[in-house]
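For reference, run.cif (mmCIF, C-alpha atoms):
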data_my_file
#
loop_
_atom_site.label_atom_id
_atom_site.label_comp_id
_atom_site.auth_asym_id
_atom_site.auth_seq_id
_atom_site.Cartn_x
_atom_site.Cartn_y
_atom_site.Cartn_z
CA MET H 723 0.00 0.00 0.00
CA SER H 724 1.24 3.46 -0.89
CA ALA H 725 2.14 5.89 1.89
CA ALA H 726 0.20 8.61 0.06
CA LYS H 727 -3.43 8.87 1.05
CA THR H 728 -6.05 8.89 -1.62
CA ALA H 729 -8.95 11.33 -1.52
CA SER H 730 -11.23 8.54 -0.31
CA ASP H 731 -8.90 7.88 2.66
CA LYS H 732 -9.11 11.47 3.87
CA ALA H 733 -11.65 12.29 6.53
CA VAL H 734 -14.12 15.10 5.95
CA ILE H 735 -15.14 17.31 8.87
CA ARG H 736 -18.70 18.59 8.49
CA ARG H 737 -21.73 19.67 10.48
CA ALA H 738 -23.86 16.77 11.67
CA THR H 739 -27.27 16.39 10.06
CA ILE H 740 -30.46 14.67 11.12
CA ASP H 741 -29.24 11.60 9.24
CA ASP H 742 -26.24 11.42 11.63
CA VAL H 743 -28.22 11.36 14.88
CA ALA H 744 -27.79 7.62 15.52
CA ASP H 745 -24.04 7.89 14.93
CA VAL H 746 -23.78 10.96 17.18
CA HIS H 747 -25.47 9.10 20.02
CA GLU H 748 -23.41 5.97 19.38
CA LEU H 749 -20.18 7.98 19.64
CA VAL H 750 -21.30 9.56 22.91
CA VAL H 751 -21.97 6.07 24.27
CA GLU H 752 -18.59 4.90 22.96
CA LEU H 753 -16.91 7.76 24.84
CA ALA H 754 -18.78 6.83 28.02
CA VAL H 755 -17.74 3.18 27.70
CA ALA H 756 -14.12 4.15 27.05
CA THR H 757 -14.06 6.23 30.24
CA GLY H 758 -15.97 3.68 32.33
CA MET H 759 -18.96 5.99 32.64
CA GLN H 760 -21.52 4.11 30.53
CA HIS H 761 -23.81 3.80 33.55
CA LYS H 762 -24.27 7.59 33.46
CA VAL H 763 -25.61 7.74 29.90
CA LYS H 764 -29.37 8.17 29.96
CA SER H 765 -29.75 9.93 26.60
CA THR H 766 -31.21 8.41 23.46
CA ALA H 767 -30.81 9.23 19.80
CA ALA H 768 -34.31 10.74 20.02
CA ASP H 769 -33.02 13.19 22.65
CA PHE H 770 -30.28 14.33 20.30
CA LEU H 771 -32.78 14.72 17.49
CA ALA H 772 -35.19 16.74 19.64
CA HIS H 773 -32.61 19.04 21.17
CA GLY H 774 -29.98 19.50 18.49
CA PHE H 775 -31.67 19.56 15.14
CA GLY H 776 -34.73 21.76 15.52
CA ALA H 777 -35.34 25.46 14.99
CA ASP H 778 -33.52 26.42 18.22
CA PRO H 779 -30.78 23.81 18.79
CA HIS H 780 -29.26 23.45 22.23
CA PHE H 781 -25.99 22.15 20.79
CA HIS H 782 -24.00 21.97 17.58
CA ALA H 783 -22.21 18.89 16.35
CA LEU H 784 -19.42 18.29 13.90
CA VAL H 785 -18.64 14.83 12.61
CA ALA H 786 -15.60 13.36 10.96
CA GLU H 787 -16.56 11.08 8.11
CA LYS H 788 -14.16 8.70 6.44
CA ASN H 789 -15.08 6.37 3.58
CA GLY H 790 -18.78 6.95 4.31
CA ARG H 791 -18.44 6.11 8.03
CA ILE H 792 -18.79 8.57 10.91
CA VAL H 793 -15.57 8.17 12.91
CA GLY H 794 -15.47 11.27 15.09
CA LEU H 795 -17.63 13.80 16.89
CA CYS H 796 -17.27 17.22 18.46
CA LEU H 797 -20.44 18.32 20.27
CA PHE H 798 -20.37 21.91 21.53
CA PHE H 799 -22.56 24.82 22.54
CA TYR H 800 -22.12 28.55 22.96
CA GLU H 801 -21.55 30.16 26.34
CA PHE H 802 -20.84 33.66 27.59
CA SER H 803 -18.07 34.68 29.97
CA SER H 804 -19.23 37.49 32.22
CA TRP H 805 -15.62 38.06 33.28
CA LEU H 806 -14.25 38.30 29.74
CA GLY H 807 -17.38 39.94 28.39
CA THR H 808 -17.29 37.73 25.32
CA PRO H 809 -18.97 34.60 23.96
CA GLY H 810 -17.14 31.32 23.77
CA ILE H 811 -17.81 27.66 23.22
CA TYR H 812 -17.95 24.70 25.54
CA ILE H 813 -17.01 21.35 24.08
CA GLN H 814 -19.22 18.78 25.76
CA ASP H 815 -17.99 15.72 23.90
CA LEU H 816 -14.99 15.04 21.69
CA VAL H 817 -14.56 11.46 20.58
CA VAL H 818 -12.75 9.66 17.78
CA ARG H 819 -13.32 5.97 17.19
CA SER H 820 -10.47 3.86 18.53
CA ASP H 821 -9.44 2.50 15.12
CA VAL H 822 -8.70 6.01 13.76
CA ARG H 823 -7.22 7.68 16.85
CA SER H 824 -3.81 9.34 16.56
CA THR H 825 -4.57 10.42 12.99
CA GLY H 826 -5.23 14.09 13.77
CA LEU H 827 -9.02 13.87 13.64
CA GLY H 828 -9.50 15.08 17.21
CA ARG H 829 -7.32 18.10 16.52
CA GLN H 830 -9.20 18.79 13.29
CA LEU H 831 -12.59 18.58 15.03
CA VAL H 832 -11.49 21.01 17.75
CA ALA H 833 -9.99 23.38 15.17
CA GLU H 834 -13.14 23.41 13.04
CA SER H 835 -15.37 24.04 16.05
CA VAL H 836 -13.16 27.00 16.97
CA ARG H 837 -13.23 28.34 13.38
CA ILE H 838 -17.04 28.20 13.40
CA ALA H 839 -17.22 29.82 16.83
CA ARG H 840 -14.81 32.63 15.89
CA LYS H 841 -17.12 33.55 13.00
CA GLN H 842 -19.84 34.00 15.66
CA GLY H 843 -17.61 36.25 17.77
CA ALA H 844 -16.37 33.64 20.23
CA THR H 845 -13.02 34.29 21.87
CA HIS H 846 -12.49 31.24 24.05
CA LEU H 847 -13.02 27.53 24.47
CA ARG H 848 -13.81 25.61 27.64
CA LEU H 849 -14.26 21.94 28.37
CA SER H 850 -13.90 19.50 31.20
CA VAL H 851 -12.03 16.22 31.31
CA ASP H 852 -12.46 13.38 33.76
CA VAL H 853 -9.49 13.49 36.15
CA ASN H 854 -8.64 9.87 35.31
CA ASN H 855 -8.65 10.36 31.52
CA GLU H 856 -4.89 10.80 31.16
CA ALA H 857 -4.94 10.39 27.37
CA ALA H 858 -7.43 13.25 26.97
CA ILE H 859 -5.49 15.43 29.40
CA ARG H 860 -2.29 14.91 27.38
CA PHE H 861 -4.19 15.58 24.13
CA TYR H 862 -5.53 18.94 25.33
CA GLN H 863 -2.16 19.91 26.77
CA LYS H 864 -0.56 19.18 23.37
CA LEU H 865 -3.09 21.57 21.85
CA GLY H 866 -1.74 24.25 24.20
CA MET H 867 -4.70 24.26 26.56
CA ASN H 868 -4.30 24.69 30.31
CA SER H 869 -6.35 23.20 33.09
CA SER H 870 -7.71 25.29 35.92
CA SER H 871 -7.14 24.19 39.47
CA ASP H 872 -9.05 27.12 40.95
CA GLU H 873 -12.49 25.98 39.80
CA ARG H 874 -14.71 23.01 40.56
CA ILE H 875 -17.60 21.85 38.43
CA PHE H 876 -20.93 21.54 40.23
CA HIS H 877 -24.03 19.97 38.75
CA ALA H 878 -27.65 19.43 39.66
CA HIS H 879 -30.02 17.03 37.94
CA GLY H 880 -33.07 14.94 38.71
CA ALA H 881 -34.66 15.63 42.08
CA VAL H 882 -32.07 18.26 43.03
CA PHE H 883 -32.74 20.19 39.81
CA GLN H 884 -36.48 19.94 40.39
CA LYS H 885 -36.10 21.14 43.99
CA LEU H 886 -34.05 24.15 42.87
CA SER H 887 -36.85 25.19 40.53
CA GLU H 888 -39.29 25.17 43.44
CA ILE H 889 -37.36 27.54 45.71
CA ALA H 890 -39.50 30.56 46.47
#
Write out the structure in this file as structure tokens.
Amino acid sequence: MSAAKTASDKAVIRRATIDDVADVHELVVELAVATGMQHKVKSTAADFLAHGFGADPHFHALVAEKNGRIVGLCLFFYEFSSWLGTPGIYIQDLVVRSDVRSTGLGRQLVAESVRIARKQGATHLRLSVDVNNEAAIRFYQKLGMNSSSDERIFHAHGAVFQKLSEIA
């Protein structure tokens, strides 16, 4: 086999469409399994369809497609930093299938999400990484990103979320 890649071997980074919803969900599940967090995944492909592909999407998704197969995902949404006074993006999920990792697809997905966000006026990128995901930590450090030790992520869901909405 030749060392040169043919056009069909090259991955294409593009916005996810309704037709990609099952693959998007599958990649999110694959990420959860890879990090040992599959028990936390409650979402369905229908959830992604309802909340990401309507008139007012709650997230944006880019996919990497190679030879007709979805092999990577970057799911992000816009945020606003009150301290910076500018919009940014938060990458919720970045995953590349194990058989095509270390090919630059993760870097390409991050770069394209940033290009899209910059066109919308975004000036920064945030994300969180499980403290035990050493490979992801090294990946983001290689991209030049820094972690913050002066912040902690808090979350509320289920009954706690419901209770918060009922505070008078």
- Message: Excluding Ala768 (chain H) and its own-chain neighbours fewer than 2 positions away, which residues fall within 12 Å of it when counting all atoms listed in the file? Please give them as a ChimeraX atom specification.
- Response: /H:740-748,764-766,770-776
Limited to C-alpha atoms, could you put the picked residues into a file as a compact mmCIF listing (two decimals), in the coordinates of the input?
# COMPACT_ATOMS: atom_id res chain seq x y z
CA ILE H 740 -30.46 14.67 11.12
CA ASP H 741 -29.24 11.60 9.24
CA ASP H 742 -26.24 11.42 11.63
CA VAL H 743 -28.22 11.36 14.88
CA ALA H 744 -27.79 7.62 15.52
CA ASP H 745 -24.04 7.89 14.93
CA VAL H 746 -23.78 10.96 17.18
CA HIS H 747 -25.47 9.10 20.02
CA GLU H 748 -23.41 5.97 19.38
CA LYS H 764 -29.37 8.17 29.96
CA SER H 765 -29.75 9.93 26.60
CA THR H 766 -31.21 8.41 23.46
CA PHE H 770 -30.28 14.33 20.30
CA LEU H 771 -32.78 14.72 17.49
CA ALA H 772 -35.19 16.74 19.64
CA HIS H 773 -32.61 19.04 21.17
CA GLY H 774 -29.98 19.50 18.49
CA PHE H 775 -31.67 19.56 15.14
CA GLY H 776 -34.73 21.76 15.52
- Item | Output check: residues returned by the PyMOL selection byres ((chain H and resi 801-803) around 10), as a PyMOL selection string | chain H and resi 798-800+804-812+844-848
Just write the chosen residues, C-alpha atoms, as a tab-separated table (two decimals), keeping the file's coordinate frame.
chain	number	residue	atom	x	y	z
H	798	PHE	CA	-20.37	21.91	21.53
H	799	PHE	CA	-22.56	24.82	22.54
H	800	TYR	CA	-22.12	28.55	22.96
H	804	SER	CA	-19.23	37.49	32.22
H	805	TRP	CA	-15.62	38.06	33.28
H	806	LEU	CA	-14.25	38.30	29.74
H	807	GLY	CA	-17.38	39.94	28.39
H	808	THR	CA	-17.29	37.73	25.32
H	809	PRO	CA	-18.97	34.60	23.96
H	810	GLY	CA	-17.14	31.32	23.77
H	811	ILE	CA	-17.81	27.66	23.22
H	812	TYR	CA	-17.95	24.70	25.54
H	844	ALA	CA	-16.37	33.64	20.23
H	845	THR	CA	-13.02	34.29	21.87
H	846	HIS	CA	-12.49	31.24	24.05
H	847	LEU	CA	-13.02	27.53	24.47
H	848	ARG	CA	-13.81	25.61	27.64
- Report the residues retrieved by the PyMOL selection byres ((chain H and resi 813-815) around 12) from the displayed file, expressed as a ChimeraX atom specification. /H:746-747,749-754,780-785,794-801,810-812,816-818,828,831-836,839,846-852,858,862
Requested write-out: C-alpha atoms of the selected residues, as an mmCIF file, keeping the file's coordinate frame:
data_model
loop_
_atom_site.group_PDB
_atom_site.id
_atom_site.type_symbol
_atom_site.label_atom_id
_atom_site.label_comp_id
_atom_site.auth_asym_id
_atom_site.auth_seq_id
_atom_site.Cartn_x
_atom_site.Cartn_y
_atom_site.Cartn_z
ATOM 1 C CA VAL H 746 -23.780 10.960 17.180
ATOM 2 C CA HIS H 747 -25.470 9.100 20.020
ATOM 3 C CA LEU H 749 -20.180 7.980 19.640
ATOM 4 C CA VAL H 750 -21.300 9.560 22.910
ATOM 5 C CA VAL H 751 -21.970 6.070 24.270
ATOM 6 C CA GLU H 752 -18.590 4.900 22.960
ATOM 7 C CA LEU H 753 -16.910 7.760 24.840
ATOM 8 C CA ALA H 754 -18.780 6.830 28.020
ATOM 9 C CA HIS H 780 -29.260 23.450 22.230
ATOM 10 C CA PHE H 781 -25.990 22.150 20.790
ATOM 11 C CA HIS H 782 -24.000 21.970 17.580
ATOM 12 C CA ALA H 783 -22.210 18.890 16.350
ATOM 13 C CA LEU H 784 -19.420 18.290 13.900
ATOM 14 C CA VAL H 785 -18.640 14.830 12.610
ATOM 15 C CA GLY H 794 -15.470 11.270 15.090
ATOM 16 C CA LEU H 795 -17.630 13.800 16.890
ATOM 17 C CA CYS H 796 -17.270 17.220 18.460
ATOM 18 C CA LEU H 797 -20.440 18.320 20.270
ATOM 19 C CA PHE H 798 -20.370 21.910 21.530
ATOM 20 C CA PHE H 799 -22.560 24.820 22.540
ATOM 21 C CA TYR H 800 -22.120 28.550 22.960
ATOM 22 C CA GLU H 801 -21.550 30.160 26.340
ATOM 23 C CA GLY H 810 -17.140 31.320 23.770
ATOM 24 C CA ILE H 811 -17.810 27.660 23.220
ATOM 25 C CA TYR H 812 -17.950 24.700 25.540
ATOM 26 C CA LEU H 816 -14.990 15.040 21.690
ATOM 27 C CA VAL H 817 -14.560 11.460 20.580
ATOM 28 C CA VAL H 818 -12.750 9.660 17.780
ATOM 29 C CA GLY H 828 -9.500 15.080 17.210
ATOM 30 C CA LEU H 831 -12.590 18.580 15.030
ATOM 31 C CA VAL H 832 -11.490 21.010 17.750
ATOM 32 C CA ALA H 833 -9.990 23.380 15.170
ATOM 33 C CA GLU H 834 -13.140 23.410 13.040
ATOM 34 C CA SER H 835 -15.370 24.040 16.050
ATOM 35 C CA VAL H 836 -13.160 27.000 16.970
ATOM 36 C CA ALA H 839 -17.220 29.820 16.830
ATOM 37 C CA HIS H 846 -12.490 31.240 24.050
ATOM 38 C CA LEU H 847 -13.020 27.530 24.470
ATOM 39 C CA ARG H 848 -13.810 25.610 27.640
ATOM 40 C CA LEU H 849 -14.260 21.940 28.370
ATOM 41 C CA SER H 850 -13.900 19.500 31.200
ATOM 42 C CA VAL H 851 -12.030 16.220 31.310
ATOM 43 C CA ASP H 852 -12.460 13.380 33.760
ATOM 44 C CA ALA H 858 -7.430 13.250 26.970
ATOM 45 C CA TYR H 862 -5.530 18.940 25.330
#
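Distance-wise, CA of Phe876 (chain H) and CA of Lys762 (chain H) end up 15.9 Å apart.
The interatomic distance for the pair CA of Arg823 (chain H) and CA of Val755 (chain H) works out to 15.8 Å.
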- Task: Choose the residue, out of H:Asp821, H:Glu856, H:Asp778, H:Glu873, that has the smallest atom-to-atom separation from Ile792 (chain H); count only C-alpha atoms.
- Result: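 Smallest separation from Ile792 (chain H) among the options: H:Asp821.
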- Query: Which one of H:Ala786, H:Pro779, H:Arg874, H:Gln760 sits closest to Arg737 (chain H) if you count all atoms listed in the file?
  - Reply: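 Counting all atoms listed in the file, the residue closest to Arg737 (chain H) is H:Ala786.
Going from CA of Gln842 (chain H) to CA of Glu787 (chain H) covers 24.4 Å.
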